[in-house]
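Asker: The following file, run-v8.txt, comprises compact mmCIF, C-alpha atoms and all ligand atoms:
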```txt
# COMPACT_ATOMS: atom_id res chain seq x y z
CA HIS A 9 110.59 119.31 149.23
CA HIS A 10 107.72 117.14 148.05
CA TRP A 11 104.37 118.94 147.91
CA GLY A 12 101.09 118.11 146.19
CA TYR A 13 97.33 118.41 146.40
CA GLY A 14 96.57 115.35 148.53
CA LYS A 15 95.43 115.07 152.16
CA GLU A 16 98.95 114.84 153.57
CA ASP A 17 100.93 117.10 151.19
CA GLY A 18 98.18 119.50 150.07
CA PRO A 19 97.66 123.30 150.43
CA SER A 20 96.86 123.18 154.17
CA SER A 21 100.33 121.72 154.88
CA TRP A 22 102.45 123.85 152.51
CA TYR A 23 103.23 126.40 155.29
CA LYS A 24 105.51 123.79 156.94
CA ASN A 25 108.07 123.95 154.12
CA TYR A 26 106.99 127.34 152.72
CA PRO A 27 106.20 129.69 155.64
CA VAL A 28 105.30 132.52 153.20
CA ALA A 29 102.08 130.51 152.71
CA GLU A 30 100.80 132.56 155.66
CA GLY A 31 102.06 135.87 154.23
CA ASN A 32 100.21 139.10 153.52
CA ARG A 33 99.85 138.84 149.74
CA GLN A 34 98.96 135.21 149.04
CA SER A 35 96.95 133.93 146.05
CA PRO A 36 94.38 132.97 144.96
CA ILE A 37 91.63 135.13 146.55
CA ASP A 38 87.85 135.38 146.38
CA ILE A 39 87.07 138.38 144.16
CA VAL A 40 83.98 140.38 145.24
CA PRO A 41 83.11 142.55 142.20
CA ASN A 42 81.15 145.26 144.00
CA GLU A 43 84.01 145.70 146.50
CA ALA A 44 86.54 146.20 143.69
CA SER A 45 87.41 149.85 142.99
CA ARG A 46 87.19 151.22 139.44
CA ASP A 47 90.50 152.95 138.87
CA ARG A 48 90.57 155.73 136.24
CA ASP A 49 94.32 155.43 135.69
CA LEU A 50 94.07 151.71 134.91
CA GLY A 51 94.63 151.72 131.16
CA PRO A 52 93.55 148.95 128.79
CA LEU A 53 95.44 145.66 128.79
CA MET A 54 97.58 145.19 125.68
CA ILE A 55 98.38 141.62 124.69
CA ASN A 56 100.81 141.03 121.85
CA TYR A 57 101.25 137.33 121.17
CA ASP A 58 101.62 137.69 117.40
CA HIS A 59 105.14 136.24 117.15
CA CYS A 60 104.35 133.64 119.73
CA THR A 61 106.56 130.60 119.84
CA SER A 62 105.57 127.69 121.99
CA ILE A 63 108.39 125.17 122.44
CA ASN A 64 107.08 122.18 124.36
CA ILE A 65 104.31 120.74 126.52
CA SER A 66 105.07 118.82 129.71
CA ASN A 67 103.57 117.15 132.78
CA ASN A 68 105.47 118.39 135.85
CA GLY A 69 103.52 116.25 138.30
CA HIS A 70 101.43 119.26 139.34
CA SER A 71 99.90 120.49 136.08
CA VAL A 72 100.35 120.44 132.28
CA VAL A 73 102.60 123.31 131.18
CA VAL A 74 103.30 124.82 127.71
CA GLU A 75 106.64 126.69 127.64
CA PHE A 76 107.63 129.56 125.36
CA ASN A 77 110.83 131.04 124.02
CA ASP A 78 111.29 134.10 126.24
CA SER A 79 114.70 135.19 124.85
CA ASP A 80 113.19 138.40 123.44
CA ASP A 81 110.04 140.51 123.62
CA ARG A 82 108.13 138.56 120.98
CA SER A 83 105.18 137.73 123.26
CA VAL A 84 104.38 140.37 125.84
CA ILE A 85 101.57 141.89 127.83
CA LYS A 86 101.59 145.56 128.90
CA GLY A 87 99.24 148.30 130.01
CA GLY A 88 96.56 147.74 132.64
CA PRO A 89 98.36 147.75 136.03
CA LEU A 90 101.77 147.09 134.45
CA ASP A 91 104.58 149.70 134.28
CA ASN A 92 106.68 147.58 131.92
CA PRO A 93 106.06 144.91 129.25
CA TYR A 94 106.12 141.41 130.74
CA ARG A 95 107.37 138.45 128.65
CA LEU A 96 105.32 135.23 128.29
CA LYS A 97 107.21 132.28 129.83
CA GLN A 98 104.62 129.49 130.17
CA PHE A 99 100.97 128.72 130.64
CA HIS A 100 99.30 125.93 132.61
CA PHE A 101 95.93 124.97 134.02
CA HIS A 102 94.26 124.14 137.36
CA TRP A 103 91.09 122.03 137.38
CA GLY A 104 88.69 119.99 139.55
CA GLY A 105 87.33 116.47 139.58
CA LYS A 106 84.21 115.30 137.66
CA GLY A 107 81.42 117.85 138.23
CA HIS A 108 83.43 119.67 140.93
CA GLU A 109 84.88 123.18 140.79
CA GLY A 110 88.58 123.55 139.95
CA SER A 111 89.45 127.22 139.54
CA GLU A 112 91.76 128.92 142.05
CA HIS A 113 90.22 132.41 142.12
CA THR A 114 86.50 132.56 142.89
CA VAL A 115 84.03 135.37 142.16
CA SER A 116 81.66 136.13 145.04
CA GLY A 117 82.35 132.61 146.28
CA LYS A 118 81.61 131.00 142.90
CA GLY A 119 84.25 128.69 141.47
CA PHE A 120 84.68 127.75 137.83
CA ALA A 121 85.53 124.34 136.36
CA SER A 122 89.12 125.33 135.59
CA GLU A 123 91.54 128.28 135.42
CA LEU A 124 94.25 129.01 132.84
CA HIS A 125 97.37 130.90 134.00
CA LEU A 126 99.61 132.68 131.50
CA VAL A 127 102.83 133.45 133.40
CA HIS A 128 104.88 136.51 132.30
CA TRP A 129 108.04 138.10 133.75
CA ASN A 130 109.48 141.61 133.91
CA ALA A 131 112.53 141.34 131.62
CA VAL A 132 113.06 145.12 131.71
CA LYS A 133 113.93 145.17 135.40
CA TYR A 134 115.27 141.61 135.92
CA LYS A 135 117.83 139.56 134.01
CA THR A 136 116.23 136.15 134.41
CA TYR A 137 112.81 134.63 135.16
CA GLY A 138 114.32 133.12 138.33
CA GLU A 139 115.35 136.55 139.61
CA ALA A 140 111.99 138.07 138.63
CA SER A 141 110.07 135.24 140.34
CA THR A 142 111.24 136.46 143.77
CA ALA A 143 110.74 140.21 143.16
CA PRO A 144 107.55 142.06 144.25
CA ASP A 145 106.89 143.27 140.67
CA GLY A 146 108.65 140.39 138.95
CA LEU A 147 105.74 138.39 137.52
CA ALA A 148 102.39 139.13 135.91
CA VAL A 149 99.89 136.30 135.53
CA LEU A 150 96.86 136.53 133.27
CA GLY A 151 94.15 134.33 134.78
CA ILE A 152 91.28 133.09 132.57
CA PHE A 153 88.30 131.13 133.90
CA LEU A 154 87.11 128.05 132.00
CA GLU A 155 83.42 127.13 132.33
CA THR A 156 81.74 124.05 130.89
CA GLY A 157 79.67 124.55 127.77
CA ASP A 158 80.40 124.13 124.08
CA ASP A 159 83.60 122.61 122.74
CA HIS A 160 86.44 125.16 122.56
CA ARG A 161 87.59 124.99 118.95
CA TRP A 162 91.26 125.73 119.73
CA LEU A 163 91.68 123.92 123.05
CA HIS A 164 91.63 120.72 120.95
CA MET A 165 95.19 121.62 119.88
CA ILE A 166 96.19 120.97 123.52
CA THR A 167 93.80 118.21 124.57
CA ASP A 168 94.67 116.19 121.43
CA VAL A 169 98.32 115.87 122.57
CA LEU A 170 97.75 115.30 126.31
CA TYR A 171 98.10 111.53 125.85
CA THR A 172 101.80 112.17 125.03
CA VAL A 173 102.36 113.77 128.48
CA LYS A 174 100.18 111.42 130.56
CA TYR A 175 102.88 110.71 133.16
CA LYS A 176 104.79 113.04 135.50
CA GLY A 177 108.13 113.97 133.94
CA SER A 178 107.01 113.54 130.31
CA ILE A 179 107.66 116.31 127.76
CA THR A 180 107.08 116.60 124.01
CA ASP A 181 107.68 119.18 121.30
CA PHE A 182 104.76 121.55 120.93
CA LYS A 183 105.65 124.26 118.45
CA GLY A 184 103.76 127.16 116.95
CA PHE A 185 100.83 127.28 119.38
CA ASN A 186 99.57 130.83 119.88
CA PRO A 187 97.59 131.24 123.15
CA LYS A 188 95.76 134.32 121.88
CA CYS A 189 93.23 131.76 120.58
CA LEU A 190 92.41 130.98 124.24
CA LEU A 191 91.50 134.59 125.14
CA PRO A 192 87.84 135.57 125.68
CA SER A 193 86.39 138.43 123.60
CA SER A 194 86.56 140.98 126.43
CA LEU A 195 89.82 141.99 128.15
CA HIS A 196 88.02 143.57 131.13
CA PHE A 197 89.83 142.46 134.27
CA TRP A 198 90.29 142.61 138.03
CA THR A 199 93.83 143.17 139.32
CA TYR A 200 95.56 142.82 142.71
CA LEU A 201 99.01 142.10 144.20
CA GLY A 202 99.51 138.43 145.08
CA SER A 203 101.71 135.38 144.86
CA LEU A 204 102.41 132.14 143.08
CA THR A 205 99.55 129.76 143.94
CA THR A 206 102.00 126.83 144.00
CA PRO A 207 105.14 126.42 146.12
CA PRO A 208 107.45 128.29 146.51
CA LEU A 209 104.49 130.75 146.81
CA HIS A 210 106.75 133.78 146.19
CA GLU A 211 104.86 137.10 146.70
CA SER A 212 105.95 138.34 143.28
CA VAL A 213 102.80 138.30 141.13
CA ILE A 214 100.71 141.15 139.75
CA TRP A 215 97.47 139.24 139.10
CA ILE A 216 95.26 140.18 136.15
CA VAL A 217 92.07 138.05 136.18
CA LEU A 218 89.81 138.39 133.13
CA LYS A 219 86.11 138.83 133.93
CA GLU A 220 84.83 136.85 130.92
CA PRO A 221 85.29 133.07 131.10
CA ILE A 222 85.94 130.93 128.04
CA GLU A 223 83.73 127.93 127.32
CA VAL A 224 85.16 124.42 127.10
CA SER A 225 83.26 121.12 126.87
CA GLU A 226 82.99 118.55 129.65
CA LYS A 227 84.75 116.17 127.25
CA GLN A 228 87.74 118.52 126.89
CA LEU A 229 87.93 118.95 130.69
CA GLY A 230 87.81 115.15 130.97
CA MET A 231 90.96 114.98 128.83
CA LEU A 232 92.81 117.08 131.45
CA ARG A 233 91.72 114.58 134.08
CA MET A 234 93.32 111.66 132.19
CA LEU A 235 96.71 113.11 133.08
CA LEU A 236 98.48 111.51 136.06
CA PHE A 237 100.30 113.02 139.05
CA THR A 238 102.49 109.90 139.02
CA GLU A 239 105.42 108.67 136.90
CA GLU A 240 105.18 105.87 134.31
CA GLU A 241 107.09 103.38 136.48
CA ASP A 242 104.92 104.21 139.51
CA ASN A 243 102.43 101.35 139.88
CA GLN A 244 100.07 103.67 141.80
CA LYS A 245 98.24 105.61 139.08
CA MET A 246 96.90 108.88 140.57
CA ARG A 247 94.67 110.93 138.24
CA MET A 248 95.66 114.58 138.00
CA GLU A 249 92.62 116.50 139.29
CA ASN A 250 91.75 119.08 141.99
CA ASN A 251 95.20 120.63 141.52
CA PHE A 252 94.01 124.01 142.83
CA ARG A 253 94.81 126.05 145.96
CA PRO A 254 91.70 127.48 147.71
CA PRO A 255 91.25 131.26 148.21
CA GLN A 256 93.56 132.90 150.78
CA PRO A 257 92.92 135.83 153.21
CA LEU A 258 92.77 139.24 151.50
CA LYS A 259 94.64 140.89 154.46
CA GLY A 260 93.49 144.37 153.57
CA ARG A 261 94.50 144.28 149.91
CA ARG A 262 92.61 146.37 147.36
CA VAL A 263 91.21 144.71 144.22
CA ARG A 264 90.93 147.11 141.28
CA SER A 265 88.63 146.76 138.29
CA SER A 266 89.27 147.89 134.69
CA ASN A 267 86.78 150.39 133.32
C1 LIG B 1 103.42 123.71 139.40
C2 LIG B 1 104.54 124.56 138.93
N1 LIG B 1 104.17 125.96 139.14
C3 LIG B 1 104.61 126.85 138.30
O1 LIG B 1 105.34 126.55 137.39
C4 LIG B 1 104.17 128.26 138.49
C5 LIG B 1 105.13 129.25 138.30
C6 LIG B 1 104.74 130.58 138.43
C7 LIG B 1 103.42 130.90 138.74
CL1 LIG B 1 103.00 132.57 138.87
C8 LIG B 1 102.46 129.90 138.95
S1 LIG B 1 100.79 130.33 139.27
N2 LIG B 1 99.95 129.02 139.58
O2 LIG B 1 100.74 131.20 140.43
O3 LIG B 1 100.32 130.95 138.04
C9 LIG B 1 102.84 128.57 138.82
C10 LIG B 1 105.78 124.22 139.68
C11 LIG B 1 106.03 124.73 140.93
C12 LIG B 1 107.18 124.33 141.62
C13 LIG B 1 108.08 123.44 141.04
C14 LIG B 1 107.83 122.97 139.78
C15 LIG B 1 106.68 123.35 139.11
O4 LIG B 1 106.44 122.90 137.87
ZN ZN B 2 98.70 128.47 138.13
```
Could you quickly redo this structure as structure tokens?
Ligand SMILES: C[C@@H](NC(=O)c1ccc(Cl)c(S(N)(=O)=O)c1)c1ccccc1O
Ligand SMILES: [Zn+2]
Answerer:
Amino acid sequence: HHWGYGKEDGPSSWYKNYPVAEGNRQSPIDIVPNEASRDRDLGPLMINYDHCTSINISNNGHSVVVEFNDSDDRSVIKGGPLDNPYRLKQFHFHWGGKGHEGSEHTVSGKGFASELHLVHWNAVKYKTYGEASTAPDGLAVLGIFLETGDDHRWLHMITDVLYTVKYKGSITDFKGFNPKCLLPSSLHFWTYLGSLTTPPLHESVIWIVLKEPIEVSEKQLGMLRMLLFTEEEDNQKMRMENNFRPPQPLKGRRVRSSN
């Protein structure tokens, strides 16, 4: 099934091939801070990326993705809303067009320029990522807002190699990158039960959205926008931008806030 972010194949038409698009725990959502409930038994988030091993960076025609070796518990998050440690599998971004918003989650209706998603899976309960990706507690995604401001000193490691994955289907080695350098100083978060924000939209994600955005420069965001949705041999060059799904109905879900 071909899907995308255009007029014909974009988020408003995904329900045709992925009926769960109209389900009861879809993502992203608009987060309203003063409607979120502070939950005393929400412990601190614990992120352990010390033995992090990135493998490659690729353009999948929807976003730019950095994949990790998830054969053991070397990079995990635990605590917060999680009952088990969840293993880091990949991270990717969503962003807008020049001067437009591009995040998926919004905060009181406000969007950010971009949003980073660190995708983790529950390797205690499930044998593979594929199996976890369809289970209600299978995935945990750490969402981090990017706002425009100063240059991000470590994001250069990624933006400097984007030219090697300009076209859909391109992939290059990208070893030894540790995403803890992309975390903001505070790990305060909102959390709720949701879904993948891209097809197949499985309702299998425990979302953990950090309250503090990181700052990246307009120039660095511009590098993301030089990526293409299209393949090298495709003579129609479509810039990769506005690859975000808009907020979905809350349908009675509770959003909790860390203390
Ligand atoms: C675009 C890309 N999506 C993911 O890989 C993806 C996986 C898990 C999560 Cl939890 C998310 S998200 N955005 O909710 O964090 C995104 C994709 C989708 C389908 C086929 C190929 C392909 O590359
Ligand atoms: Zn995402």
Asker: Neighbouring residues of A:Asp158 were defined as those with any atom within 9 Å, considering all atoms listed in the file; residues of the same chain fewer than 4 positions away were excluded. Please report them as an mmCIF file with C-alpha atoms, keeping the file's coordinate frame.
Answerer:
```cif
data_model
loop_
_atom_site.group_PDB
_atom_site.id
_atom_site.type_symbol
_atom_site.label_atom_id
_atom_site.label_comp_id
_atom_site.auth_asym_id
_atom_site.auth_seq_id
_atom_site.Cartn_x
_atom_site.Cartn_y
_atom_site.Cartn_z
ATOM 1 C CA GLU A 223 83.730 127.930 127.320
ATOM 2 C CA VAL A 224 85.160 124.420 127.100
ATOM 3 C CA SER A 225 83.260 121.120 126.870
ATOM 4 C CA GLU A 226 82.990 118.550 129.650
#
```
Asker: Hey, could you make a per-residue contact list for chain A against ligand LIG 1 (chain B) with 7 Å as the cut-off, showing the nearest pair of atoms and its distance in Å to one decimal, counting all atoms listed in the file, sorted by chain and number, as a Markdown table?
Answerer:
```
| residue | atom | partner | partner_atom | distance |
| --- | --- | --- | --- | --- |
| A:Asn68 | CA | B:LIG1 | O4 | 5.0 |
| A:His70 | CA | B:LIG1 | C1 | 4.9 |
| A:Ser71 | CA | B:LIG1 | C1 | 5.8 |
| A:His125 | CA | B:LIG1 | O3 | 5.0 |
| A:Leu126 | CA | B:LIG1 | O3 | 6.8 |
| A:Val127 | CA | B:LIG1 | CL1 | 5.5 |
| A:Leu147 | CA | B:LIG1 | CL1 | 6.6 |
| A:Val149 | CA | B:LIG1 | CL1 | 5.9 |
| A:Ser203 | CA | B:LIG1 | O2 | 6.2 |
| A:Leu204 | CA | B:LIG1 | O2 | 3.3 |
| A:Thr205 | CA | B:LIG1 | O2 | 4.0 |
| A:Thr206 | CA | B:LIG1 | N2 | 5.3 |
| A:Pro207 | CA | B:LIG1 | C12 | 5.4 |
| A:Pro208 | CA | B:LIG1 | C12 | 6.3 |
| A:Val213 | CA | B:LIG1 | CL1 | 6.2 |
```
Asker: Could you list, as number ranges by chain, all residues that come within 12 Å of ligand ZN 2 (chain B)? Count only C-alpha atoms and all ligand atoms.
Answerer: A: 35-36, 70-74, 98-103, 110-113, 122-128, 148-153, 203-207, 209, 213, 215, 217, 251-254
Asker: Please report, as a Markdown table, each residue of stretch 193-265 of chain A lying at most 10 Å from stretch 84-94 of chain A, together with the nearest pair of atoms and the separation in Å rounded to one decimal; use only C-alpha atoms, and order rows by chain and ascending residue number.
Answerer:
```
| residue | atom | partner | partner_atom | distance |
| --- | --- | --- | --- | --- |
| A:Leu195 | CA | A:Gly88 | CA | 9.9 |
| A:His196 | CA | A:Gly88 | CA | 9.6 |
| A:Phe197 | CA | A:Gly88 | CA | 8.7 |
| A:Trp198 | CA | A:Gly88 | CA | 9.7 |
| A:Thr199 | CA | A:Pro89 | CA | 7.2 |
| A:Tyr200 | CA | A:Pro89 | CA | 8.8 |
| A:Leu201 | CA | A:Pro89 | CA | 10.0 |
| A:Ile214 | CA | A:Pro89 | CA | 7.9 |
| A:Trp215 | CA | A:Pro89 | CA | 9.1 |
| A:Ile216 | CA | A:Pro89 | CA | 8.2 |
| A:Arg264 | CA | A:Pro89 | CA | 9.1 |
| A:Ser265 | CA | A:Gly88 | CA | 9.8 |
```
Asker: I'd like the neighbourhood of A:Ser20 as a PyMOL selection string, where a residue qualifies if any of its atoms comes within 10 Å (using all atoms listed in the file), though same-chain residues fewer than 4 positions away should be ignored.
Answerer: chain A and resi 13-16+24+29+253-254
Asker: Counting only C-alpha atoms, which residues of stretch 126-225 of chain A sit at most 8 Å from some atom of stretch 239-249 of chain A, and what is each one's closest atom pair with its distance in Å to one decimal, listed by chain and rising residue number, as JSON lines?
Answerer:
```
{"residue": "A:Tyr175", "atom": "CA", "partner": "A:Glu239", "partner_atom": "CA", "distance": 5.0}
{"residue": "A:Lys176", "atom": "CA", "partner": "A:Glu239", "partner_atom": "CA", "distance": 4.6}
{"residue": "A:Gly177", "atom": "CA", "partner": "A:Glu239", "partner_atom": "CA", "distance": 6.6}
```
Asker: Can you pull out every residue within 9 Å of A:Phe185, counting all atoms listed in the file, but drop anything in the same chain fewer than 5 positions away, and send it as a PDB file with C-alpha atoms, in the frame of the given file?
Answerer:
```
ATOM      1  CA  CYS A  60     104.350 133.640 119.730  1.00  0.00           C
ATOM      2  CA  THR A  61     106.560 130.600 119.840  1.00  0.00           C
ATOM      3  CA  SER A  62     105.570 127.690 121.990  1.00  0.00           C
ATOM      4  CA  ILE A  63     108.390 125.170 122.440  1.00  0.00           C
ATOM      5  CA  MET A 165      95.190 121.620 119.880  1.00  0.00           C
ATOM      6  CA  ILE A 166      96.190 120.970 123.520  1.00  0.00           C
TER       7      ILE A 166
END
```
Asker: May I ask which of the residues A:Leu154, A:Trp11, A:Thr136, A:Asn67 is the closest one to A:Asn25, counting all atoms listed in the file?
Answerer: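 Once distances to A:Asn25 are computed over all atoms listed in the file, the minimum belongs to A:Trp11.
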Asker: Between atom CA of A:Ser21 and atom CA of A:Gln256, what is the distance, to one decimal in Å?
Answerer: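 Computed distance, atom CA of A:Ser21 to atom CA of A:Gln256, equals 13.7 Å.
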Asker: Between atom CA of A:Ile37 and atom CA of A:Gly202, what is the distance, to one decimal in Å?
Answerer: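 Taking atom CA of A:Ile37 and atom CA of A:Gly202, their separation equals 8.7 Å.
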Asker: At what distance in Å, to one decimal, does atom CA of A:Gly51 lie from atom CA of A:Asp78?
Answerer: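 Computed distance, atom CA of A:Asp78 to atom CA of A:Gly51, equals 24.7 Å.
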Asker: Looking at A:Val263, A:Val115, A:Leu218, A:Met231, which one is nearest to A:Asp168, with distances taken over all atoms listed in the file?
Answerer: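 Ranked by minimum distance to A:Asp168, first place goes to A:Met231.
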Asker: Taking all atoms listed in the file into account, name the residue in A:Leu96, A:Leu191, A:Ala131, A:Ala140 that is nearest to A:His59.
Answerer: A:Leu96
Asker: I'd like to know which of A:Thr156, A:Ser79, A:Ser141, A:Asn250 is closest to A:Ala121, using all atoms listed in the file.
Answerer: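 Of the candidates, the smallest distance to A:Ala121 is held by A:Thr156.
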Asker: May I ask which of the residues A:Asp81, A:Glu43, A:Asp159, A:Asp58 is the closest one to A:Gly230, counting all atoms listed in the file?
Answerer: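 That would be A:Asp159, the residue with the smallest distance to A:Gly230.
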Asker: Around all the atoms of stretch 64-68 of chain A listed in the file, draw an axis-aligned box and extend it by 5 Å on each of the six sides; I want its centre and edge lengths in Å to one decimal, as lines of an AutoDock Vina configuration file.
Answerer:
```
center_x = 105.3
center_y = 119.7
center_z = 130.1
size_x = 13.5
size_y = 15.0
size_z = 21.5
```
Asker: Quick one: residues within 6 Å of A:Glu109, all atoms listed in the file, excluding same-chain residues fewer than 2 positions away - as a tab-separated table (two decimals) with C-alpha atoms, in the frame of the given file?
Answerer:
```
chain	number	residue	atom	x	y	z
A	104	GLY	CA	88.69	119.99	139.55
A	119	GLY	CA	84.25	128.69	141.47
A	120	PHE	CA	84.68	127.75	137.83
A	121	ALA	CA	85.53	124.34	136.36
```
Asker: Calculated over only C-alpha atoms, which of the candidates A:Gly146, A:Lys97, A:Leu50, A:Asn64 has the smallest distance to A:Val132?
Answerer: A:Gly146
Asker: Dig up all the protein and nucleic acid residues within 6 Å of (101.5, 140.7, 125.3) in the file frame, using only C-alpha atoms, and format them as a list in words.
Answerer: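 The answer, in the requested form, is Met54, Ile55, Asn56, Tyr57, Ser83, Val84 and Ile85 of chain A.
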